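K.L.:
What follows is protein_39.cif; its format and atoms are mmCIF, C-alpha atoms.
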```cif
data_final
#
loop_
_atom_site.label_atom_id
_atom_site.label_comp_id
_atom_site.auth_asym_id
_atom_site.auth_seq_id
_atom_site.Cartn_x
_atom_site.Cartn_y
_atom_site.Cartn_z
CA MET A 1 -55.45 -19.12 -7.45
CA MET A 2 -56.57 -15.75 -6.12
CA ARG A 3 -56.12 -17.00 -2.56
CA VAL A 4 -52.52 -18.10 -3.27
CA LEU A 5 -51.75 -14.73 -4.85
CA SER A 6 -53.25 -12.80 -1.96
CA THR A 7 -51.26 -14.94 0.53
CA ILE A 8 -48.02 -14.23 -1.37
CA ALA A 9 -48.86 -10.52 -1.49
CA THR A 10 -49.58 -10.47 2.26
CA VAL A 11 -46.30 -12.28 3.08
CA ALA A 12 -44.35 -9.91 0.82
CA ALA A 13 -45.98 -6.86 2.39
CA LEU A 14 -45.26 -8.15 5.90
CA THR A 15 -41.66 -8.90 4.98
CA VAL A 16 -41.15 -5.38 3.62
CA LEU A 17 -42.87 -3.87 6.68
CA PHE A 18 -40.78 -5.98 9.07
CA GLY A 19 -37.58 -5.09 7.25
CA PHE A 20 -38.43 -1.39 7.33
CA THR A 21 -39.28 -1.50 11.05
CA ALA A 22 -36.07 -3.39 11.84
CA GLN A 23 -34.01 -0.89 9.85
CA THR A 24 -35.68 2.06 11.55
CA ALA A 25 -35.00 0.53 14.95
CA HIS A 26 -31.36 -0.05 14.04
CA ALA A 27 -30.91 3.48 12.73
CA GLN A 28 -32.52 4.97 15.84
CA SER A 29 -30.12 7.36 17.50
CA THR A 30 -29.27 7.53 21.15
CA SER A 31 -30.90 10.29 23.13
CA LEU A 32 -29.04 12.19 25.78
CA THR A 33 -30.20 13.61 29.08
CA THR A 34 -29.96 17.34 29.71
CA GLU A 35 -27.06 16.72 32.05
CA GLN A 36 -25.17 14.77 29.40
CA ILE A 37 -25.80 17.48 26.81
CA ASP A 38 -24.47 20.05 29.28
CA ASN A 39 -21.40 17.87 29.89
CA ILE A 40 -20.67 17.70 26.17
CA ARG A 41 -21.14 21.45 25.77
CA SER A 42 -18.97 22.34 28.75
CA ASN A 43 -16.19 19.91 27.69
CA CYS A 44 -16.58 20.62 23.99
CA THR A 45 -13.13 22.17 23.50
CA SER A 46 -11.24 19.51 25.44
CA ILE A 47 -13.14 16.66 23.69
CA LYS A 48 -12.37 18.18 20.28
CA SER A 49 -8.72 18.51 21.25
CA THR A 50 -8.60 14.85 22.35
CA LEU A 51 -10.28 13.76 19.11
CA ASN A 52 -7.79 15.75 17.04
CA GLN A 53 -4.85 14.17 18.87
CA LEU A 54 -6.34 10.70 18.44
CA HIS A 55 -6.97 11.39 14.77
CA ALA A 56 -3.33 12.31 14.19
CA SER A 57 -1.83 9.48 16.28
CA ASP A 58 -4.09 6.86 14.66
CA ALA A 59 -3.20 8.15 11.18
CA LEU A 60 0.48 7.65 12.00
CA LEU A 61 -0.24 4.21 13.44
CA ARG A 62 -2.17 3.26 10.29
CA VAL A 63 0.72 4.27 8.03
CA ASN A 64 3.46 2.58 10.07
CA ARG A 65 1.51 -0.61 10.83
CA GLY A 66 0.20 -0.79 7.28
CA GLN A 67 3.76 -0.80 5.95
CA VAL A 68 4.79 -3.63 8.26
CA TYR A 69 1.73 -5.76 7.45
CA GLU A 70 2.06 -5.14 3.71
CA SER A 71 5.77 -6.07 3.76
CA MET A 72 5.02 -9.32 5.58
CA ALA A 73 2.86 -10.40 2.65
CA SER A 74 4.78 -8.98 -0.29
CA LYS A 75 8.38 -9.53 0.82
CA LEU A 76 8.10 -12.76 2.77
CA MET A 77 4.90 -14.76 2.29
CA ASP A 78 4.51 -14.24 -1.47
CA SER A 79 8.22 -14.79 -2.08
CA PHE A 80 8.30 -18.04 -0.14
CA ASN A 81 5.13 -19.31 -1.84
CA SER A 82 6.63 -18.48 -5.25
CA ARG A 83 9.85 -20.23 -4.37
CA LEU A 84 7.96 -23.36 -3.37
CA GLY A 85 5.97 -23.13 -6.60
CA ASN A 86 9.10 -22.63 -8.71
CA ASN A 87 10.53 -25.81 -7.19
CA ARG A 88 7.24 -27.65 -7.91
CA LEU A 89 6.61 -28.20 -4.22
CA ASP A 90 3.22 -28.15 -2.53
CA ALA A 91 2.48 -24.54 -1.48
CA LYS A 92 -1.27 -25.00 -0.95
CA ALA A 93 -1.24 -24.58 2.82
CA THR A 94 1.01 -21.52 2.86
CA SER A 95 -0.85 -19.97 -0.10
CA ALA A 96 -4.20 -20.49 1.64
CA VAL A 97 -2.95 -18.65 4.76
CA THR A 98 -1.50 -15.87 2.59
CA SER A 99 -4.85 -15.49 0.85
CA SER A 100 -6.65 -15.21 4.21
CA TYR A 101 -3.99 -12.77 5.38
CA ARG A 102 -4.54 -10.61 2.28
CA THR A 103 -8.30 -10.64 2.89
CA ALA A 104 -7.73 -9.55 6.51
CA LEU A 105 -5.37 -6.83 5.26
CA ASP A 106 -8.08 -5.54 2.91
CA SER A 107 -10.57 -5.49 5.81
CA PHE A 108 -8.01 -3.61 7.89
CA ARG A 109 -7.67 -0.96 5.15
CA ASN A 110 -11.44 -0.65 4.60
CA ASP A 111 -12.35 -0.62 8.28
CA TYR A 112 -9.69 1.98 9.03
CA LYS A 113 -11.05 4.13 6.19
CA ALA A 114 -14.58 3.87 7.64
CA TYR A 115 -13.27 4.70 11.12
CA GLU A 116 -11.22 7.68 9.93
CA GLU A 117 -14.15 9.10 7.97
CA LYS A 118 -16.44 8.80 10.99
CA LEU A 119 -13.88 10.35 13.35
CA SER A 120 -13.27 13.21 10.90
CA SER A 121 -16.98 13.81 10.62
CA ALA A 122 -17.27 13.89 14.46
CA ILE A 123 -14.46 16.46 14.56
CA ARG A 124 -16.32 18.60 12.01
CA ILE A 125 -19.57 18.60 14.02
CA ASN A 126 -20.17 21.64 16.20
CA CYS A 127 -20.56 20.04 19.64
CA LEU A 128 -22.03 23.22 21.12
CA ASN A 129 -24.92 23.32 18.65
CA GLU A 130 -25.36 19.60 17.88
CA PRO A 131 -24.32 17.61 20.98
CA GLU A 132 -26.55 14.60 20.15
CA SER A 133 -25.29 14.26 16.60
CA PHE A 134 -21.74 14.68 17.93
CA TYR A 135 -22.27 11.95 20.52
CA ASN A 136 -23.79 9.50 18.02
CA THR A 137 -20.99 10.03 15.51
CA ILE A 138 -18.38 9.40 18.21
CA GLU A 139 -20.19 6.19 19.16
CA GLN A 140 -20.11 5.03 15.53
CA ALA A 141 -16.41 5.92 15.27
CA ARG A 142 -15.84 3.95 18.48
CA GLU A 143 -17.49 0.85 16.97
CA ASN A 144 -15.44 1.25 13.79
CA ARG A 145 -12.22 1.54 15.78
CA ALA A 146 -13.03 -1.70 17.60
CA LYS A 147 -13.42 -3.36 14.19
CA VAL A 148 -9.97 -2.10 13.16
CA HIS A 149 -8.52 -3.62 16.34
CA ASP A 150 -10.25 -6.93 15.52
CA ASP A 151 -8.63 -6.82 12.07
CA VAL A 152 -5.22 -6.30 13.68
CA MET A 153 -5.82 -9.33 15.92
CA LYS A 154 -6.81 -11.38 12.86
CA LEU A 155 -3.64 -10.34 11.04
CA HIS A 156 -1.54 -11.40 14.04
CA ARG A 157 -3.28 -14.78 14.07
CA TYR A 158 -2.61 -15.30 10.35
CA ILE A 159 1.04 -14.39 10.90
CA ASP A 160 1.21 -17.23 13.44
CA ASP A 161 -0.75 -19.55 11.14
CA TYR A 162 1.67 -18.94 8.32
CA ARG A 163 4.61 -19.77 10.58
CA SER A 164 2.89 -23.02 11.56
CA ALA A 165 2.27 -23.84 7.88
CA VAL A 166 5.97 -23.32 7.15
CA SER A 167 6.93 -25.55 10.10
CA ASP A 168 4.57 -28.27 8.83
CA PHE A 169 6.07 -27.94 5.38
CA LEU A 170 9.59 -28.27 6.82
CA LEU A 171 8.60 -31.42 8.72
CA ASN A 172 7.16 -33.01 5.58
CA TYR A 173 10.12 -31.88 3.53
CA GLU A 174 12.58 -33.46 5.98
CA ARG A 175 10.55 -36.67 6.04
CA ILE A 176 10.54 -36.87 2.23
CA SER A 177 14.23 -35.94 1.96
CA GLU A 178 15.37 -38.69 4.32
CA MET B 1 3.44 39.96 -48.73
CA ALA B 2 0.04 40.83 -47.35
CA GLU B 3 -1.54 39.53 -50.51
CA LEU B 4 -0.29 36.05 -49.71
CA ILE B 5 -2.26 35.92 -46.46
CA ASP B 6 -5.81 34.84 -47.01
CA LEU B 7 -7.62 37.26 -44.73
CA GLN B 8 -11.27 36.50 -44.18
CA PRO B 9 -13.53 39.54 -43.75
CA ASP B 10 -15.10 39.85 -40.28
CA GLU B 11 -18.63 39.74 -41.62
CA ASP B 12 -18.01 36.33 -43.24
CA MET B 13 -16.79 34.77 -39.98
CA THR B 14 -19.13 32.52 -38.03
CA PHE B 15 -19.64 32.76 -34.29
CA TRP B 16 -17.22 29.84 -33.71
CA ASP B 17 -14.56 31.50 -35.89
CA LYS B 18 -14.79 34.73 -33.90
CA HIS B 19 -14.56 33.07 -30.48
CA ARG B 20 -12.13 30.28 -31.15
CA LEU B 21 -9.58 31.42 -28.57
CA SER B 22 -12.19 32.01 -25.86
CA LEU B 23 -13.74 28.61 -26.54
CA LEU B 24 -10.36 26.95 -26.40
CA LEU B 25 -9.66 28.55 -23.03
CA ILE B 26 -13.10 27.65 -21.64
CA LEU B 27 -12.75 24.07 -22.88
CA THR B 28 -9.28 23.77 -21.37
CA VAL B 29 -10.47 25.04 -17.99
CA LEU B 30 -13.48 22.70 -18.10
CA ILE B 31 -11.32 19.67 -18.87
CA ALA B 32 -8.92 20.65 -16.08
CA LEU B 33 -11.85 21.01 -13.66
CA ILE B 34 -13.32 17.63 -14.63
CA LEU B 35 -9.95 15.90 -14.26
CA THR B 36 -9.42 17.57 -10.87
CA VAL B 37 -12.83 16.44 -9.63
CA VAL B 38 -12.17 12.87 -10.87
CA SER B 39 -8.76 12.88 -9.14
CA MET B 40 -10.24 14.14 -5.87
CA ILE B 41 -12.95 11.47 -5.97
CA ALA B 42 -10.33 8.77 -6.62
CA TYR B 43 -8.16 10.21 -3.82
CA ASN B 44 -11.00 10.01 -1.31
CA VAL B 45 -12.65 6.77 -2.44
CA SER B 46 -9.46 4.72 -2.76
CA GLY B 47 -8.36 5.36 0.84
CA THR B 48 -5.31 7.34 -0.23
CA ALA B 49 -6.57 10.31 1.77
CA GLN B 50 -6.22 8.26 4.96
CA LEU B 51 -2.55 7.60 4.18
CA ASP B 52 -1.77 11.21 3.32
CA LEU B 53 -0.03 12.65 6.34
CA SER B 54 0.50 16.00 4.65
CA ARG B 55 -3.13 16.92 5.35
CA PRO B 56 -3.32 19.85 7.79
CA SER B 57 -5.14 17.80 10.45
CA VAL B 58 -2.38 15.17 10.64
CA SER B 59 0.69 17.02 9.40
CA SER B 60 2.00 17.26 12.98
CA VAL B 61 2.92 13.56 12.89
CA SER B 62 4.20 13.37 9.32
CA ASN B 63 7.84 13.50 10.48
CA LYS B 64 7.30 10.43 12.68
CA VAL B 65 6.68 8.03 9.82
CA ASP B 66 8.98 5.04 9.88
CA LYS B 67 10.79 5.52 6.59
CA THR B 68 13.37 2.78 7.11
CA ASP B 69 12.07 -0.44 5.65
CA ASN B 70 14.35 -2.94 7.36
CA ILE B 71 12.65 -6.02 5.97
CA THR B 72 14.98 -8.14 3.90
CA GLU B 73 13.08 -9.59 0.97
CA TYR B 74 13.28 -13.34 0.66
CA SER B 75 14.25 -14.40 -2.83
CA SER B 76 11.51 -16.16 -4.76
CA PHE B 77 14.15 -17.89 -6.90
CA GLY B 78 16.57 -20.59 -5.93
CA SER B 79 16.42 -24.13 -4.71
CA ILE B 80 14.64 -25.35 -1.62
CA SER B 81 16.71 -26.99 1.06
CA LYS B 82 16.62 -27.17 4.84
CA ASP B 83 19.07 -24.27 4.93
CA SER B 84 16.97 -22.08 2.65
CA ILE B 85 13.86 -22.80 4.74
CA ASP B 86 15.79 -22.03 7.92
CA GLU B 87 16.95 -18.78 6.35
CA PHE B 88 13.33 -17.91 5.62
CA THR B 89 12.05 -18.79 9.09
CA LYS B 90 14.80 -16.64 10.63
CA LEU B 91 13.73 -13.65 8.52
CA TYR B 92 10.06 -14.38 9.10
CA ASP B 93 10.34 -14.74 12.88
CA ALA B 94 12.21 -11.46 13.18
CA GLN B 95 9.59 -9.66 11.12
CA ALA B 96 6.65 -11.40 12.84
CA THR B 97 7.98 -10.27 16.22
CA LYS B 98 8.04 -6.67 14.94
CA ALA B 99 4.57 -6.94 13.43
CA LYS B 100 3.02 -8.35 16.59
CA ALA B 101 4.95 -6.10 18.97
CA VAL B 102 2.33 -3.37 18.73
CA ASP B 103 -1.27 -4.08 19.69
CA ALA B 104 -2.49 -1.35 17.35
CA PHE B 105 -5.85 0.35 17.89
CA ASN B 106 -6.36 -1.31 21.27
CA GLY B 107 -8.03 0.38 24.19
CA ASP B 108 -11.15 2.46 24.05
CA PRO B 109 -10.15 6.13 23.75
CA LEU B 110 -13.59 7.06 22.35
CA ASN B 111 -15.40 5.75 25.41
CA PRO B 112 -17.67 8.55 26.73
CA GLU B 113 -16.14 8.14 30.17
CA VAL B 114 -12.64 8.63 28.77
CA LEU B 115 -13.86 11.66 26.82
CA GLU B 116 -15.34 13.08 30.02
CA PHE B 117 -19.01 12.95 29.29
CA SER B 118 -21.26 10.39 30.93
CA THR B 119 -22.96 7.51 29.10
CA ALA B 120 -26.28 8.07 27.39
CA THR B 121 -29.48 6.09 27.67
CA SER B 122 -30.83 4.38 24.57
CA GLU B 123 -34.44 5.07 23.57
#
```
Spit out the file's structure as structure tokens when you get a sec.
P.N.:
Amino acid sequence: MMRVLSTIATVAALTVLFGFTAQTAHAQSTSLTTEQIDNIRSNCTSIKSTLNQLHASDALLRVNRGQVYESMASKLMDSFNSRLGNNRLDAKATSAVTSSYRTALDSFRNDYKAYEEKLSSAIRINCLNEPESFYNTIEQARENRAKVHDDVMKLHRYIDDYRSAVSDFLLNYERISE
Amino acid sequence: MAELIDLQPDEDMTFWDKHRLSLLLILTVLIALILTVVSMIAYNVSGTAQLDLSRPSVSSVSNKVDKTDNITEYSSFGSISKDSIDEFTKLYDAQATKAKAVDAFNGDPLNPEVLEFSTATSE
């Protein structure tokens, strides 16, 4: 009994240790060479200016694109699904795509929020005094921005999927109506 | 007339009686502060802050927001026929083309090379 308990304790301890080591490795920041630090310091003003411009243009993009994506769901997809439902027709396929679309839209909102927060925090960092922290935050913002782009691609795919679902429905409807 | 007013002598008044107005003001300010903090937390946590183009950092683009919502809403009521489905697909295709016209957030503007500082080596 004691041996079983000690084995369980050892496995648990190793698991915790492994998890901690893995987390530490993941959280490890990137180190910069002296030359790279000098580059950041010398270009500090121009980098900050570029980041500010990107921050503003992406905010506008988020608002305009968000409106278009939201309208697709609320004014077209939901309405068509409801109409099918009101006529007691099978709206499972179109509703399933709408649900996936809504999930992708939520990811788009959340990922953009994470990206914007990271970019704002990079803009707030003093790149003359903290070039490494500045660099790492920009890298994280870069990863977050790539996620936002992936979400946009997903939304575009679901827009196509919904159109295909409507075409399939129309085919079935015509077949039944004949 | 003065006899009708029940005036309480100062020495009989408790601490709370003497400072009622001050306490009311302090309480009001405290409640206002708490509500402001709660509102600010909700503003930041909900993602509303990211949509607020009146913030000083993004106010330069606030006049470029597309305020014309040209999407015609498809009615959720009515019968279903080939014509009504065709009407929907026409609306949908037009909107889908607009939605997919912009490959938003593409490119890599935060690439160190684009930002004019060379890539770093990972430890």
K.L.:
Could you list, as number ranges by chain, every residue within 8 Å of range 37-49 of chain A, counting all atoms listed in the file and ignoring same-chain residues fewer than 5 positions away?
P.N.:
A: 32, 123, 127-128, 131-132; B: 115-118
K.L.:
Have a look at A:Lys147, A:Arg83, A:Lys92, A:Lys154 and name the one nearest to chain B; count only C-alpha atoms.
P.N.:
A:Arg83
K.L.:
Care to translate the PyMOL selection byres ((chain A and resi 144) around 9) into actual residues of this file, as a PyMOL selection string?
P.N.:
chain A and resi 111-112+114-116+118+139-143+145-149
K.L.:
Could you take the residues named above and write them with C-alpha atoms, as an mmCIF file, in the frame of the given file?
P.N.:
```cif
data_model
loop_
_atom_site.group_PDB
_atom_site.id
_atom_site.type_symbol
_atom_site.label_atom_id
_atom_site.label_comp_id
_atom_site.auth_asym_id
_atom_site.auth_seq_id
_atom_site.Cartn_x
_atom_site.Cartn_y
_atom_site.Cartn_z
ATOM 1 C CA ASP A 111 -12.350 -0.620 8.280
ATOM 2 C CA TYR A 112 -9.690 1.980 9.030
ATOM 3 C CA ALA A 114 -14.580 3.870 7.640
ATOM 4 C CA TYR A 115 -13.270 4.700 11.120
ATOM 5 C CA GLU A 116 -11.220 7.680 9.930
ATOM 6 C CA LYS A 118 -16.440 8.800 10.990
ATOM 7 C CA GLU A 139 -20.190 6.190 19.160
ATOM 8 C CA GLN A 140 -20.110 5.030 15.530
ATOM 9 C CA ALA A 141 -16.410 5.920 15.270
ATOM 10 C CA ARG A 142 -15.840 3.950 18.480
ATOM 11 C CA GLU A 143 -17.490 0.850 16.970
ATOM 12 C CA ARG A 145 -12.220 1.540 15.780
ATOM 13 C CA ALA A 146 -13.030 -1.700 17.600
ATOM 14 C CA LYS A 147 -13.420 -3.360 14.190
ATOM 15 C CA VAL A 148 -9.970 -2.100 13.160
ATOM 16 C CA HIS A 149 -8.520 -3.620 16.340
#
```
K.L.:
In Å, with one decimal, what is the gap from CA of Asn44 in chain B to CA of Asp58 in chain A?
P.N.:
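Separating CA of Asn44 in chain B from CA of Asp58 in chain A is a distance of 17.7 Å.
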K.L.:
Apply the PyMOL selection byres ((chain B) within 8 of (chain A)) to the displayed file and report the matching residues as number ranges by chain.
P.N.:
B: 47, 50-51, 53, 57-62, 64-66, 71-80, 82, 85, 88-89, 92-93, 95-96, 99-100, 103-106, 108-111, 115-123
K.L.:
Given 5 Å of margin on each side, can you work out the centre and size in Å (one decimal) of an axis-aligned box holding every listed atom of range 147-152 of chain A, as lines of an AutoDock Vina configuration file?
P.N.:
```
center_x = -9.3
center_y = -4.5
center_z = 14.2
size_x = 18.2
size_y = 14.8
size_z = 14.3
```
K.L.:
Can you work out the spacing between CA of Ser164 in chain A and CA of Ala104 in chain A in Å, to one decimal?
P.N.:
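Spanning CA of Ser164 in chain A to CA of Ala104 in chain A is a straight-line distance of 17.9 Å.
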K.L.:
Residues picked by the PyMOL selection byres ((chain A and resi 97) around 9) here, as a short mmCIF file (atom, residue, chain, number, x, y, z; two decimals) with C-alpha atoms, in the frame of the given file?
P.N.:
```cif
data_model
loop_
_atom_site.label_atom_id
_atom_site.label_comp_id
_atom_site.auth_asym_id
_atom_site.auth_seq_id
_atom_site.Cartn_x
_atom_site.Cartn_y
_atom_site.Cartn_z
CA LYS A 92 -1.27 -25.00 -0.95
CA ALA A 93 -1.24 -24.58 2.82
CA THR A 94 1.01 -21.52 2.86
CA SER A 95 -0.85 -19.97 -0.10
CA ALA A 96 -4.20 -20.49 1.64
CA THR A 98 -1.50 -15.87 2.59
CA SER A 99 -4.85 -15.49 0.85
CA SER A 100 -6.65 -15.21 4.21
CA TYR A 101 -3.99 -12.77 5.38
CA ARG A 102 -4.54 -10.61 2.28
CA TYR A 158 -2.61 -15.30 10.35
CA ILE A 159 1.04 -14.39 10.90
CA ASP A 161 -0.75 -19.55 11.14
CA TYR A 162 1.67 -18.94 8.32
CA ALA A 165 2.27 -23.84 7.88
#
```
K.L.:
Interatomic distance between CA of Glu70 in chain A and CA of Asp106 in chain A?
P.N.:
10.2 Å
K.L.:
Given all atoms listed in the file as the basis, pick out the residue of A:Thr137, A:Asn172, A:Ile125, A:Leu105 nearest to Ala73 in chain A.
P.N.:
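Comparing A:Thr137, A:Asn172, A:Ile125, A:Leu105 against Ala73 in chain A, the winner is A:Leu105.
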